[in-house]
>>> print(open('protein_30.cif').read())   # mmCIF, C-alpha atoms
data_final
loop_
_atom_site.label_atom_id
_atom_site.label_comp_id
_atom_site.auth_asym_id
_atom_site.auth_seq_id
_atom_site.Cartn_x
_atom_site.Cartn_y
_atom_site.Cartn_z
CA MET A 1 37.34 78.10 19.52
CA ASN A 2 41.09 78.42 19.06
CA ARG A 3 42.94 75.13 19.19
CA LYS A 4 46.39 75.02 20.68
CA ARG A 5 48.91 73.92 18.08
CA ARG A 6 50.54 70.61 18.86
CA THR A 7 54.28 70.94 19.09
CA ILE A 8 57.27 68.65 19.33
CA SER A 9 60.88 69.19 20.24
CA LEU A 10 64.17 67.48 19.57
CA PRO A 11 66.54 67.98 22.52
CA GLU A 12 70.11 68.32 21.31
CA ASN A 13 71.61 66.36 24.19
CA LYS A 14 69.09 63.53 24.25
CA ILE A 15 70.75 60.37 25.56
CA PHE A 16 70.13 57.14 23.65
CA LYS A 17 71.34 53.64 24.38
CA ILE A 18 73.85 51.90 22.13
CA THR A 19 71.10 49.45 21.17
CA ASP A 20 69.05 52.37 19.81
CA TYR A 21 71.91 53.40 17.53
CA LEU A 22 72.49 49.82 16.40
CA LEU A 23 68.82 49.41 15.57
CA ILE A 24 68.83 52.46 13.30
CA PHE A 25 72.14 51.37 11.76
CA PHE A 26 70.73 47.96 10.86
CA LEU A 27 67.62 49.63 9.49
CA LEU A 28 69.73 51.85 7.24
CA GLN A 29 72.03 49.05 6.08
CA ILE A 30 69.81 45.97 6.21
CA ARG A 31 69.93 45.54 2.42
CA TRP A 32 73.73 45.37 2.29
CA ILE A 33 73.93 43.17 5.38
CA SER A 34 71.38 40.79 3.88
CA LEU A 35 73.40 40.56 0.65
CA LEU A 36 76.75 40.16 2.35
CA LEU A 37 75.48 37.40 4.64
CA ASN A 38 73.44 35.78 1.87
CA ILE A 39 70.33 35.74 4.06
CA ARG A 40 67.13 36.42 2.14
CA LYS A 41 64.43 38.50 3.80
CA LEU A 42 66.77 39.45 6.63
CA GLU A 43 64.86 42.72 6.95
CA LEU A 44 61.85 40.82 8.29
CA ILE A 45 63.88 39.84 11.35
CA LEU A 46 63.82 43.51 12.35
CA VAL A 47 60.02 43.49 12.66
CA PRO A 48 59.77 41.09 15.66
CA ILE A 49 62.86 42.69 17.22
CA VAL A 50 61.30 46.16 17.09
CA PHE A 51 57.98 44.73 18.27
CA TYR A 52 59.76 43.21 21.29
CA VAL A 53 61.39 46.55 22.09
CA LEU A 54 57.99 48.25 21.91
CA TYR A 55 56.44 45.56 24.10
CA ARG A 56 59.16 45.99 26.73
CA ARG A 57 58.76 49.77 26.81
CA ASN A 58 54.99 49.98 26.45
CA ARG A 59 52.92 46.89 27.24
CA THR A 60 49.55 48.53 26.65
CA GLY A 61 47.95 49.98 23.59
CA ILE A 62 50.48 48.52 21.13
CA VAL A 63 47.88 48.11 18.39
CA ASN A 64 45.14 50.69 17.92
CA GLN A 65 42.32 51.49 15.54
CA LYS A 66 44.35 53.59 13.11
CA ILE A 67 46.97 50.97 12.32
CA LEU A 68 44.17 48.40 11.96
CA MET A 69 42.41 50.72 9.53
CA ILE A 70 45.63 51.04 7.50
CA PHE A 71 45.92 47.25 7.41
CA PHE A 72 42.36 46.79 6.14
CA ILE A 73 42.90 49.39 3.42
CA TYR A 74 46.13 47.63 2.45
CA LEU A 75 44.32 44.27 2.47
CA LEU A 76 41.49 45.64 0.34
CA LEU A 77 43.90 47.00 -2.29
CA ALA A 78 45.89 43.76 -2.26
CA LEU A 79 42.73 41.70 -2.79
CA VAL A 80 41.47 43.89 -5.63
CA GLN A 81 44.84 43.93 -7.35
CA GLY A 82 45.29 40.23 -6.56
CA PHE A 83 42.09 39.38 -8.36
CA ILE A 84 43.68 40.78 -11.53
CA TRP A 85 47.39 39.99 -11.18
CA GLY A 86 47.77 37.45 -8.36
CA PHE A 87 47.63 37.26 -4.57
CA SER A 88 49.72 35.70 -1.82
CA VAL A 89 48.96 35.71 1.90
CA VAL A 90 52.66 35.39 2.70
CA SER A 91 53.51 38.36 0.46
CA LEU A 92 50.71 40.38 2.06
CA ILE A 93 51.95 39.73 5.59
CA THR A 94 55.64 40.28 4.85
CA SER A 95 55.17 43.43 2.76
CA PHE A 96 52.77 45.04 5.25
CA SER A 97 54.95 44.06 8.20
CA TYR A 98 58.07 45.67 6.81
CA GLY A 99 56.34 48.52 4.98
CA PHE A 100 53.91 49.72 7.66
CA LEU A 101 54.18 47.79 10.93
CA LEU A 102 57.93 48.33 11.32
CA PRO A 103 57.82 52.15 11.03
CA TYR A 104 54.66 52.17 13.16
CA PHE A 105 56.45 50.26 15.93
CA LEU A 106 59.42 52.61 15.64
CA PHE A 107 57.09 55.59 15.91
CA ARG A 108 55.45 54.20 19.04
CA ILE A 109 58.88 53.59 20.62
CA TYR A 110 60.64 56.85 19.77
CA ARG A 111 58.02 59.22 18.40
CA GLU A 112 59.71 62.25 16.83
CA ASP A 113 62.98 61.45 18.61
CA PHE A 114 63.44 58.76 15.96
CA LEU A 115 64.41 61.52 13.51
CA TYR A 116 66.97 62.93 15.92
CA LEU A 117 68.43 59.46 16.46
CA LEU A 118 68.44 58.83 12.70
CA GLU A 119 70.39 62.03 12.05
CA ARG A 120 73.09 61.01 14.52
CA VAL A 121 73.57 57.66 12.79
CA ILE A 122 73.58 59.29 9.34
CA LYS A 123 76.25 61.73 10.54
CA VAL A 124 78.60 58.97 11.73
CA LEU A 125 78.13 56.92 8.54
CA THR A 126 78.61 60.05 6.42
CA ILE A 127 81.91 60.88 8.14
CA ILE A 128 83.17 57.32 7.54
CA ALA A 129 82.06 57.29 3.90
CA LEU A 130 83.44 60.76 3.18
CA THR A 131 86.81 59.82 4.69
CA ILE A 132 87.03 56.70 2.48
CA TRP A 133 85.92 58.73 -0.55
CA MET A 134 88.66 61.32 0.01
CA ILE A 135 91.31 58.61 0.36
CA ASN A 136 89.88 57.03 -2.77
CA GLN A 137 90.51 60.25 -4.72
CA ILE A 138 94.04 60.88 -3.44
CA LEU A 139 96.01 57.68 -2.91
CA PRO A 140 97.04 55.66 -5.98
CA GLY A 141 95.81 52.08 -5.97
CA THR A 142 92.99 52.77 -3.52
CA LYS A 143 90.25 52.23 -6.10
CA GLU A 144 91.67 48.84 -7.02
CA THR A 145 91.86 47.87 -3.34
CA ILE A 146 88.30 49.02 -2.64
CA THR A 147 87.03 47.20 -5.74
CA TYR A 148 88.76 44.01 -4.59
CA LEU A 149 87.26 44.30 -1.10
CA ILE A 150 83.79 44.95 -2.47
CA ASN A 151 84.00 41.93 -4.80
CA ALA A 152 85.28 39.76 -1.95
CA LEU A 153 82.55 40.86 0.43
CA ASN A 154 79.85 40.44 -2.21
CA LYS A 155 80.88 36.91 -3.18
CA TYR A 156 77.31 35.69 -2.72
CA ARG A 157 75.88 38.16 -5.24
CA VAL A 158 74.50 36.65 -8.45
CA ASP A 159 74.17 39.89 -10.44
CA ASP A 160 76.58 42.61 -11.52
CA LEU A 161 75.69 45.10 -8.80
CA THR A 162 78.68 44.30 -6.60
CA ARG A 163 79.21 47.83 -5.42
CA GLY A 164 78.83 48.20 -1.64
CA MET A 165 80.54 47.16 1.58
CA ILE A 166 78.13 48.65 4.18
CA PHE A 167 80.15 51.81 4.94
CA TYR A 168 81.09 52.79 1.40
CA THR A 169 79.80 52.21 -2.12
CA TYR A 170 81.85 52.35 -5.29
CA TRP A 171 81.84 51.03 -8.83
CA PRO A 172 83.91 52.24 -11.83
CA GLN A 173 80.97 53.95 -13.54
CA LEU A 174 81.04 56.57 -10.79
CA ASP A 175 84.40 57.86 -12.08
CA GLN A 176 84.02 61.20 -13.86
CA SER A 177 85.99 62.70 -16.75
CA PHE A 178 87.32 65.51 -14.54
CA GLY A 179 89.21 63.04 -12.33
CA LEU A 180 86.91 62.62 -9.33
CA SER A 181 84.36 59.90 -8.69
CA ARG A 182 80.83 60.49 -7.47
CA ASN A 183 80.37 59.72 -3.79
CA ALA A 184 77.59 57.22 -3.13
CA GLY A 185 78.49 57.15 0.55
CA PHE A 186 76.90 54.31 2.49
CA ALA A 187 73.84 54.25 0.18
CA SER A 188 73.42 52.26 -3.01
CA GLU A 189 74.08 55.23 -5.31
CA PRO A 190 74.82 58.99 -5.08
CA GLY A 191 71.18 60.05 -5.47
CA GLN A 192 70.08 57.98 -2.49
CA PHE A 193 72.99 59.32 -0.44
CA ALA A 194 71.83 62.86 -1.27
CA VAL A 195 68.30 62.03 -0.08
CA LEU A 196 69.56 61.09 3.39
CA ILE A 197 71.89 64.10 3.58
CA ILE A 198 69.07 66.54 2.77
CA LEU A 199 66.86 64.84 5.36
CA ALA A 200 69.62 65.21 7.97
CA LEU A 201 70.04 68.90 7.06
CA VAL A 202 66.30 69.50 7.52
CA ILE A 203 66.38 67.79 10.92
CA ASN A 204 69.33 69.93 11.99
CA TYR A 205 67.67 73.09 10.74
CA VAL A 206 64.54 72.38 12.77
CA ARG A 207 66.72 71.96 15.86
CA LYS A 208 69.06 74.92 15.31
CA ILE A 209 67.08 77.26 13.01
CA GLN A 210 70.19 78.01 10.99
CA LEU A 211 71.83 76.48 7.94
CA PHE A 212 75.46 77.24 8.76
CA ASP A 213 75.66 75.30 11.99
CA ARG A 214 79.15 73.78 12.23
CA LYS A 215 77.67 70.28 12.44
CA ASN A 216 76.25 70.72 8.94
CA ILE A 217 79.62 71.34 7.29
CA ILE A 218 80.27 67.63 6.92
CA TYR A 219 76.91 67.26 5.19
CA TYR A 220 77.63 70.07 2.73
CA ILE A 221 80.98 68.56 1.77
CA ALA A 222 79.43 65.12 1.40
CA LEU A 223 76.54 66.47 -0.68
CA LEU A 224 78.91 68.32 -3.01
CA SER A 225 80.90 65.11 -3.48
CA THR A 226 77.82 63.23 -4.74
CA PHE A 227 77.56 65.38 -7.91
CA SER A 228 73.84 64.61 -7.69
CA THR A 229 71.62 66.86 -9.79
CA ALA A 230 68.62 66.42 -7.47
CA GLY A 231 70.86 66.85 -4.41
CA TYR A 232 72.26 70.15 -5.67
CA LEU A 233 68.78 71.44 -6.56
CA ALA A 234 67.51 70.46 -3.10
CA LEU A 235 70.43 72.29 -1.49
CA ALA A 236 69.63 75.38 -3.58
CA ALA A 237 66.04 75.18 -2.31
CA LEU A 238 67.26 75.01 1.29
CA GLY A 239 69.22 78.20 0.60
CA LEU A 240 65.89 80.05 0.75
CA LEU A 241 65.98 79.46 4.52
CA LEU A 242 68.87 81.93 4.79
CA LEU A 243 66.35 84.73 4.69
CA LYS A 244 64.55 83.40 7.77
CA GLN A 245 67.20 81.91 10.04
CA ARG A 246 67.05 83.39 13.52
CA SER A 247 70.69 83.66 14.46
CA SER A 248 72.96 85.81 12.29
CA ARG A 249 70.05 86.90 10.13
CA ILE A 250 72.09 89.81 8.75
CA VAL A 251 74.77 87.37 7.66
CA GLY A 252 72.06 85.24 6.07
CA VAL A 253 70.68 88.17 4.09
CA VAL A 254 74.17 89.08 2.91
CA LEU A 255 75.00 85.52 1.92
CA PHE A 256 71.70 84.88 0.17
CA PRO A 257 72.55 86.77 -3.06
CA LEU A 258 75.93 85.01 -3.20
CA PHE A 259 74.21 81.69 -2.64
CA VAL A 260 71.72 82.37 -5.44
CA TYR A 261 74.48 83.45 -7.82
CA GLY A 262 76.53 80.35 -6.99
CA ALA A 263 73.51 78.10 -7.51
CA LEU A 264 72.67 79.68 -10.87
CA PHE A 265 76.30 79.49 -12.00
CA ALA A 266 76.53 75.82 -11.03
CA PHE A 267 73.21 75.04 -12.73
CA ASN A 268 74.29 76.64 -16.01
CA HIS A 269 77.90 75.44 -16.15
CA LEU A 270 78.11 72.00 -14.52
CA ASP A 271 77.63 69.12 -16.96
CA PHE A 272 75.41 67.13 -14.60
CA MET A 273 73.02 70.01 -13.97
CA LYS A 274 71.24 71.96 -16.72
CA GLY A 275 72.66 69.95 -19.62
CA LYS A 276 71.82 66.64 -18.00
CA ILE A 277 68.27 67.71 -17.19
CA GLU A 278 67.67 68.95 -20.73
CA GLN A 279 69.15 65.82 -22.26
CA GLN A 280 67.12 63.49 -20.03
CA TYR A 281 63.96 65.40 -20.81
CA GLU A 282 64.55 65.31 -24.55
CA ASP A 283 65.51 61.63 -24.54
CA GLN A 284 62.84 60.29 -22.20
CA ILE A 285 59.84 62.40 -23.13
CA GLU A 286 59.78 60.80 -26.58
CA THR A 287 60.93 57.33 -25.54
CA SER A 288 58.46 54.51 -26.10
CA LEU A 289 56.77 53.23 -22.97
CA ASN A 290 57.88 49.76 -24.04
CA GLU A 291 61.50 50.67 -23.33
CA PRO A 292 63.14 49.65 -20.01
CA THR A 293 62.35 51.96 -17.09
CA THR A 294 65.79 53.50 -16.62
CA GLY A 295 65.12 57.21 -16.16
CA ARG A 296 63.21 59.54 -13.87
CA ILE A 297 61.04 61.09 -16.53
CA LEU A 298 60.22 57.79 -18.23
CA GLY A 299 59.48 56.32 -14.82
CA ALA A 300 57.12 59.20 -14.03
CA ARG A 301 55.36 58.69 -17.38
CA LYS A 302 54.81 55.03 -16.59
CA SER A 303 53.50 55.94 -13.13
CA LEU A 304 50.98 58.27 -14.73
CA VAL A 305 49.94 55.43 -17.04
CA VAL A 306 49.21 53.24 -14.01
CA LEU A 307 47.28 56.02 -12.27
CA SER A 308 45.24 56.73 -15.38
CA LYS A 309 44.37 53.06 -15.96
CA TYR A 310 43.75 52.08 -12.33
CA PRO A 311 42.89 55.33 -10.51
CA LEU A 312 40.85 53.70 -7.74
CA TYR A 313 43.07 50.82 -6.69
CA GLY A 314 46.45 51.30 -8.37
CA ARG A 315 48.92 48.53 -9.13
CA GLY A 316 51.93 47.12 -7.30
CA VAL A 317 50.92 46.86 -3.63
CA LEU A 318 52.36 43.35 -3.60
CA ALA A 319 55.46 42.42 -5.58
CA MET A 320 53.54 39.88 -7.67
CA THR A 321 51.08 42.53 -8.85
CA LYS A 322 53.90 44.53 -10.41
CA PRO A 323 54.92 43.82 -14.04
CA ASP A 324 57.70 41.26 -14.41
CA SER A 325 59.50 43.13 -17.17
CA ILE A 326 61.02 46.60 -16.74
CA SER A 327 60.03 47.22 -20.36
CA ASP A 328 56.36 46.97 -19.50
CA PRO A 329 54.50 50.31 -19.96
CA GLU A 330 53.15 49.88 -16.40
CA TYR A 331 56.51 49.27 -14.71
CA ALA A 332 56.62 52.35 -12.45
CA ASN A 333 59.82 52.49 -10.44
CA TYR A 334 61.06 56.08 -9.91
CA GLY A 335 60.10 58.73 -7.40
CA TRP A 336 57.22 59.38 -5.06
CA ILE A 337 54.66 59.31 -7.88
CA SER A 338 55.44 55.64 -8.48
CA GLU A 339 54.54 54.97 -4.84
CA MET A 340 51.26 56.78 -5.34
CA SER A 341 50.56 54.56 -8.35
CA ARG A 342 50.75 51.53 -6.04
CA PHE A 343 47.79 52.74 -3.98
CA GLY A 344 45.70 54.64 -6.51
CA ILE A 345 44.72 58.30 -6.51
CA ILE A 346 42.48 58.31 -3.42
CA PHE A 347 44.70 56.43 -0.99
CA GLY A 348 47.87 57.81 -2.59
CA CYS A 349 46.63 61.35 -1.95
CA LEU A 350 45.65 60.42 1.61
CA TYR A 351 49.16 59.16 2.23
CA MET A 352 50.64 62.40 0.86
CA PHE A 353 48.23 64.46 2.98
CA PHE A 354 49.33 62.85 6.24
CA PHE A 355 52.97 62.89 5.09
CA PHE A 356 52.92 66.67 4.58
CA LYS A 357 50.85 67.17 7.73
CA GLY A 358 53.48 65.32 9.76
CA LEU A 359 56.29 67.23 8.08
CA TYR A 360 54.52 70.48 8.96
CA TYR A 361 54.18 69.44 12.61
CA PHE A 362 57.86 68.58 12.69
CA VAL A 363 59.12 71.75 10.99
CA SER A 364 56.84 73.99 13.05
CA SER A 365 57.86 72.31 16.32
CA SER A 366 60.52 74.94 17.04
CA GLY A 367 58.36 77.89 16.04
CA ASN A 368 58.85 77.79 12.29
CA GLY A 369 55.99 78.87 10.08
CA SER A 370 54.53 78.00 6.70
CA TYR A 371 57.48 79.51 4.81
CA GLU A 372 60.02 77.19 6.45
CA PHE A 373 57.71 74.22 5.97
CA PHE A 374 57.31 74.99 2.27
CA VAL A 375 61.08 75.29 1.74
CA CYS A 376 61.86 72.07 3.64
CA ALA A 377 59.09 70.21 1.83
CA LEU A 378 60.36 71.51 -1.52
CA ALA A 379 63.91 70.34 -0.81
CA ILE A 380 62.77 66.91 0.33
CA MET A 381 60.37 66.39 -2.57
CA ILE A 382 62.98 67.39 -5.17
CA ASN A 383 65.05 64.43 -4.04
CA LEU A 384 62.11 62.10 -3.59
CA SER A 385 60.98 62.82 -7.14
CA SER A 386 63.77 60.56 -8.38
CA GLN A 387 64.11 58.05 -5.54
CA VAL A 388 61.64 55.47 -4.22
CA TYR A 389 62.17 56.50 -0.61
CA ILE A 390 58.96 58.17 0.49
CA THR A 391 57.52 54.94 1.94
CA SER A 392 60.77 53.94 3.65
CA SER A 393 60.78 53.75 7.45
CA PHE A 394 62.66 57.08 7.66
CA PHE A 395 60.07 59.11 5.76
CA MET A 396 57.12 57.05 7.02
CA MET A 397 57.80 58.72 10.35
CA PHE A 398 56.28 61.93 8.96
CA PHE A 399 53.23 59.94 7.85
CA PHE A 400 52.63 58.59 11.36
CA ILE A 401 53.32 61.98 12.96
CA GLY A 402 50.63 63.36 10.65
CA MET A 403 48.19 60.58 11.52
CA TYR A 404 48.67 60.58 15.28
CA GLY A 405 50.19 63.93 16.19
CA SER A 406 51.84 64.21 19.57
CA ILE A 407 52.52 66.59 22.42
CA LYS A 408 55.83 66.15 24.14
CA ALA A 409 56.16 67.13 27.77
CA ASN A 410 58.22 65.80 30.64
CA ASN A 411 59.54 62.91 28.52
CA LYS A 412 56.03 61.60 27.90
CA TYR A 413 53.82 61.53 24.84
CA THR A 414 50.13 61.55 24.27
CA ASP A 415 48.56 60.38 21.06
CA SER A 416 45.26 61.39 19.51
CA ASN A 417 43.23 59.35 21.99
CA HIS A 418 45.12 60.88 24.94
CA GLN A 419 46.80 57.65 26.05
CA LEU A 420 50.13 58.37 27.76
CA VAL A 421 53.10 56.44 26.51
CA SER A 422 56.32 56.54 28.54
CA LEU A 423 59.62 56.22 26.72
#
>>> encode(input="protein_30.cif", output="structure tokens")
Amino acid sequence: MNRKRRTISLPENKIFKITDYLLIFFLLQIRWISLLLNIRKLELILVPIVFYVLYRRNRTGIVNQKILMIFFIYLLLALVQGFIWGFSVVSLITSFSYGFLLPYFLFRIYREDFLYLLERVIKVLTIIALTIWMINQILPGTKETITYLINALNKYRVDDLTRGMIFYTYWPQLDQSFGLSRNAGFASEPGQFAVLIILALVINYVRKIQLFDRKNIIYYIALLSTFSTAGYLALAALGLLLLKQRSSRIVGVVLFPLFVYGALFAFNHLDFMKGKIEQQYEDQIETSLNEPTTGRILGARKSLVVLSKYPLYGRGVLAMTKPDSISDPEYANYGWISEMSRFGIIFGCLYMFFFFKGLYYFVSSSGNGSYEFFVCALAIMINLSSQVYITSSFFMMFFFIGMYGSIKANNKYTDSNHQLVSL
């Protein structure tokens, strides 16, 4: 029997309340706000706030069997790992609450509209950060002023990572020999900024089915200003969508060869592209596992060590089960594979299965097929290979879409057990 494919849609003119935007803003910038206010674990305050919002909008069916199943799996892994490396009930509750309950509550409130709302907030923050970055490159004395402001705002910091002021991030090491500085935007570093830009571009593509929508121009400029190797490679991957975009397909076919040529030229001639990749590979492939985890390749090697030694239950579900020293051979801290090493092969693969399933539902919501899904997944995973972002609330949305699925009609949703949830 043929099953009707579940679809979703992201209305372009969806109206959200100011509190919705503020909630996503705090979610994006909670780390900086916590540091600037010198309030530890500030992110945990978001969990009861989001729970309250969910309770107000949907007073029935807040907790269901699937989220309980996830909790028991998480508890089981924490107990097994805790038997070896240590266990804390407080750490279990706090880590699960922020890692799984928070994105679950957000999913139940907004469903797939969360991604549309997220893109709007990313766009505003990107415009602000890009404006400051441009001023930073042009006006003399701006870098000194920004550095002073950052140091003043981060007066509570006890380490040397005084680099951000919520809307813009800068530190002198971002300055390049050719006169420009890398743009870290509102994230902690350029690579993380590129991750969010690529995610926003994918969301916009799903809505518009074209890459050269005028709203994406700001993202392209911002991405180019990051000088991020992974960001540029992800953008090159998205260029494959030119062959399939619905509007101006002839223009897309004409531009595709130029896009490919430009991507190959940039890869071969920019210092932070081919040369950087080759140098990192040569340096980190032979580096001892007892060296500090400071590179993507070395981090991936350490993740594979963890998976090979603890394939069934992994290591690092709770903070105390992770090695104390970054020089430890089991200190996995880069990319999506390090997140898999936290849960072991079985549950790590299950997470990836539902993640890609949800991404497929999302990409195919506007009629896209397997080709578009593959390209979007490739672009996203290129960035996530170097950033520990795949279990953040933003990307966890794909995981919950994959687990629950949804059919959107008349501003209502139905989950897998057919319970209607009004927004």
>>> resolve_selection(input="protein_30.cif", expression="the PyMOL selection byres ((chain A and resi 194) around 12)", output="ChimeraX atom specification")
/A:122,126,182-193,195-201,219-235,379-380,382-384,386-387,389
>>> atom_distance(input="protein_30.cif", atom1="CA of Leu106 (chain A)", atom2="CA of Trp32 (chain A)")
20.9 Å
>>> closest_residue(input="protein_30.cif", among="A:Phe362, A:Phe178, A:Phe395, A:Tyr21", to="Arg120 (chain A)", atoms="only C-alpha atoms")
A:Tyr21
>>> atom_distance(input="protein_30.cif", atom1="CA of Tyr334 (chain A)", atom2="CA of Ser385 (chain A)")
7.3 Å
>>> resolve_selection(input="protein_30.cif", expression="the PyMOL selection byres ((chain A and resi 403) around 10)", output="short mmCIF file (atom, residue, chain, number, x, y, z; two decimals) with C-alpha atoms, in the coordinates of the input")
data_model
loop_
_atom_site.label_atom_id
_atom_site.label_comp_id
_atom_site.auth_asym_id
_atom_site.auth_seq_id
_atom_site.Cartn_x
_atom_site.Cartn_y
_atom_site.Cartn_z
CA LYS A 66 44.35 53.59 13.11
CA ILE A 67 46.97 50.97 12.32
CA TYR A 351 49.16 59.16 2.23
CA PHE A 353 48.23 64.46 2.98
CA PHE A 354 49.33 62.85 6.24
CA PHE A 355 52.97 62.89 5.09
CA LYS A 357 50.85 67.17 7.73
CA GLY A 358 53.48 65.32 9.76
CA MET A 397 57.80 58.72 10.35
CA PHE A 398 56.28 61.93 8.96
CA PHE A 399 53.23 59.94 7.85
CA PHE A 400 52.63 58.59 11.36
CA ILE A 401 53.32 61.98 12.96
CA GLY A 402 50.63 63.36 10.65
CA TYR A 404 48.67 60.58 15.28
CA GLY A 405 50.19 63.93 16.19
CA SER A 406 51.84 64.21 19.57
CA ASP A 415 48.56 60.38 21.06
CA SER A 416 45.26 61.39 19.51
#
>>> closest_residue(input="protein_30.cif", among="A:Lys302, A:Lys208, A:Arg296, A:Arg40", to="Val363 (chain A)", atoms="all atoms listed in the file")
A:Lys208
>>> atom_distance(input="protein_30.cif", atom1="CA of Tyr74 (chain A)", atom2="CA of Phe100 (chain A)")
9.6 Å
>>> closest_residue(input="protein_30.cif", among="A:Thr19, A:Gln176, A:Asn154, A:Asn290", to="Leu117 (chain A)", atoms="all atoms listed in the file")
A:Thr19
>>> closest_residue(input="protein_30.cif", among="A:Gly86, A:Gly179, A:Gly164, A:Pro329", to="Ile138 (chain A)", atoms="all atoms listed in the file")
A:Gly179
>>> closest_residue(input="protein_30.cif", among="A:Leu54, A:Ala129, A:Leu68, A:Leu76", to="Arg108 (chain A)", atoms="all atoms listed in the file")
A:Leu54
>>> resolve_selection(input="protein_30.cif", expression="the PyMOL selection byres ((chain A and resi 240) around 9)", output="count of residues only")
12
>>> closest_residue(input="protein_30.cif", among="A:Ala319, A:Gly299, A:Thr147, A:Leu36", to="Thr94 (chain A)", atoms="all atoms listed in the file")
A:Ala319
>>> residues_around(input="protein_30.cif", residues="Leu350 (chain A)", least_positions_apart="6", cutoff="10 Å", atoms="only C-alpha atoms", output="MDAnalysis selection string")
chainID A and resid 340 343:344 399
>>> write_last_selection(input="protein_30.cif", atoms="C-alpha atoms", output="mmCIF file, keeping the file's coordinate frame")
data_model
loop_
_atom_site.group_PDB
_atom_site.id
_atom_site.type_symbol
_atom_site.label_atom_id
_atom_site.label_comp_id
_atom_site.auth_asym_id
_atom_site.auth_seq_id
_atom_site.Cartn_x
_atom_site.Cartn_y
_atom_site.Cartn_z
ATOM 1 C CA MET A 340 51.260 56.780 -5.340
ATOM 2 C CA PHE A 343 47.790 52.740 -3.980
ATOM 3 C CA GLY A 344 45.700 54.640 -6.510
ATOM 4 C CA PHE A 399 53.230 59.940 7.850
#
>>> build_atoms(input="protein_30.cif", residues="region 329-344 of chain A", atoms="N, CA and C atoms", output="CSV table (one decimal), keeping the file's coordinate frame")
chain,number,residue,atom,x,y,z
A,329,PRO,N,55.0,48.9,-20.1
A,329,PRO,CA,54.5,50.3,-20.0
A,329,PRO,C,54.0,50.7,-18.6
A,330,GLU,N,53.7,49.6,-17.7
A,330,GLU,CA,53.2,49.9,-16.4
A,330,GLU,C,54.2,49.6,-15.3
A,331,TYR,N,55.5,49.5,-15.7
A,331,TYR,CA,56.5,49.3,-14.7
A,331,TYR,C,57.0,50.6,-14.2
A,332,ALA,N,56.3,51.1,-13.1
A,332,ALA,CA,56.6,52.4,-12.4
A,332,ALA,C,57.6,52.1,-11.3
A,333,ASN,N,58.8,52.8,-11.4
A,333,ASN,CA,59.8,52.5,-10.4
A,333,ASN,C,60.7,53.7,-10.0
A,334,TYR,N,60.2,54.9,-10.3
A,334,TYR,CA,61.1,56.1,-9.9
A,334,TYR,C,60.2,57.1,-9.2
A,335,GLY,N,60.7,57.6,-8.1
A,335,GLY,CA,60.1,58.7,-7.4
A,335,GLY,C,58.8,58.5,-6.6
A,336,TRP,N,58.4,59.5,-5.9
A,336,TRP,CA,57.2,59.4,-5.1
A,336,TRP,C,55.9,59.1,-5.8
A,337,ILE,N,55.9,59.5,-7.1
A,337,ILE,CA,54.7,59.3,-7.9
A,337,ILE,C,54.5,57.8,-8.2
A,338,SER,N,55.6,57.1,-8.3
A,338,SER,CA,55.4,55.6,-8.5
A,338,SER,C,54.9,55.0,-7.2
A,339,GLU,N,55.1,55.5,-6.1
A,339,GLU,CA,54.5,55.0,-4.8
A,339,GLU,C,53.1,55.3,-4.8
A,340,MET,N,52.7,56.5,-5.3
A,340,MET,CA,51.3,56.8,-5.3
A,340,MET,C,50.5,55.8,-6.3
A,341,SER,N,51.2,55.4,-7.4
A,341,SER,CA,50.6,54.6,-8.4
A,341,SER,C,50.3,53.2,-7.8
A,342,ARG,N,51.0,52.8,-6.7
A,342,ARG,CA,50.8,51.5,-6.0
A,342,ARG,C,49.4,51.5,-5.3
A,343,PHE,N,49.0,52.7,-4.8
A,343,PHE,CA,47.8,52.7,-4.0
A,343,PHE,C,46.6,53.4,-4.7
A,344,GLY,N,46.8,53.9,-5.9
A,344,GLY,CA,45.7,54.6,-6.5
A,344,GLY,C,45.6,56.1,-6.1
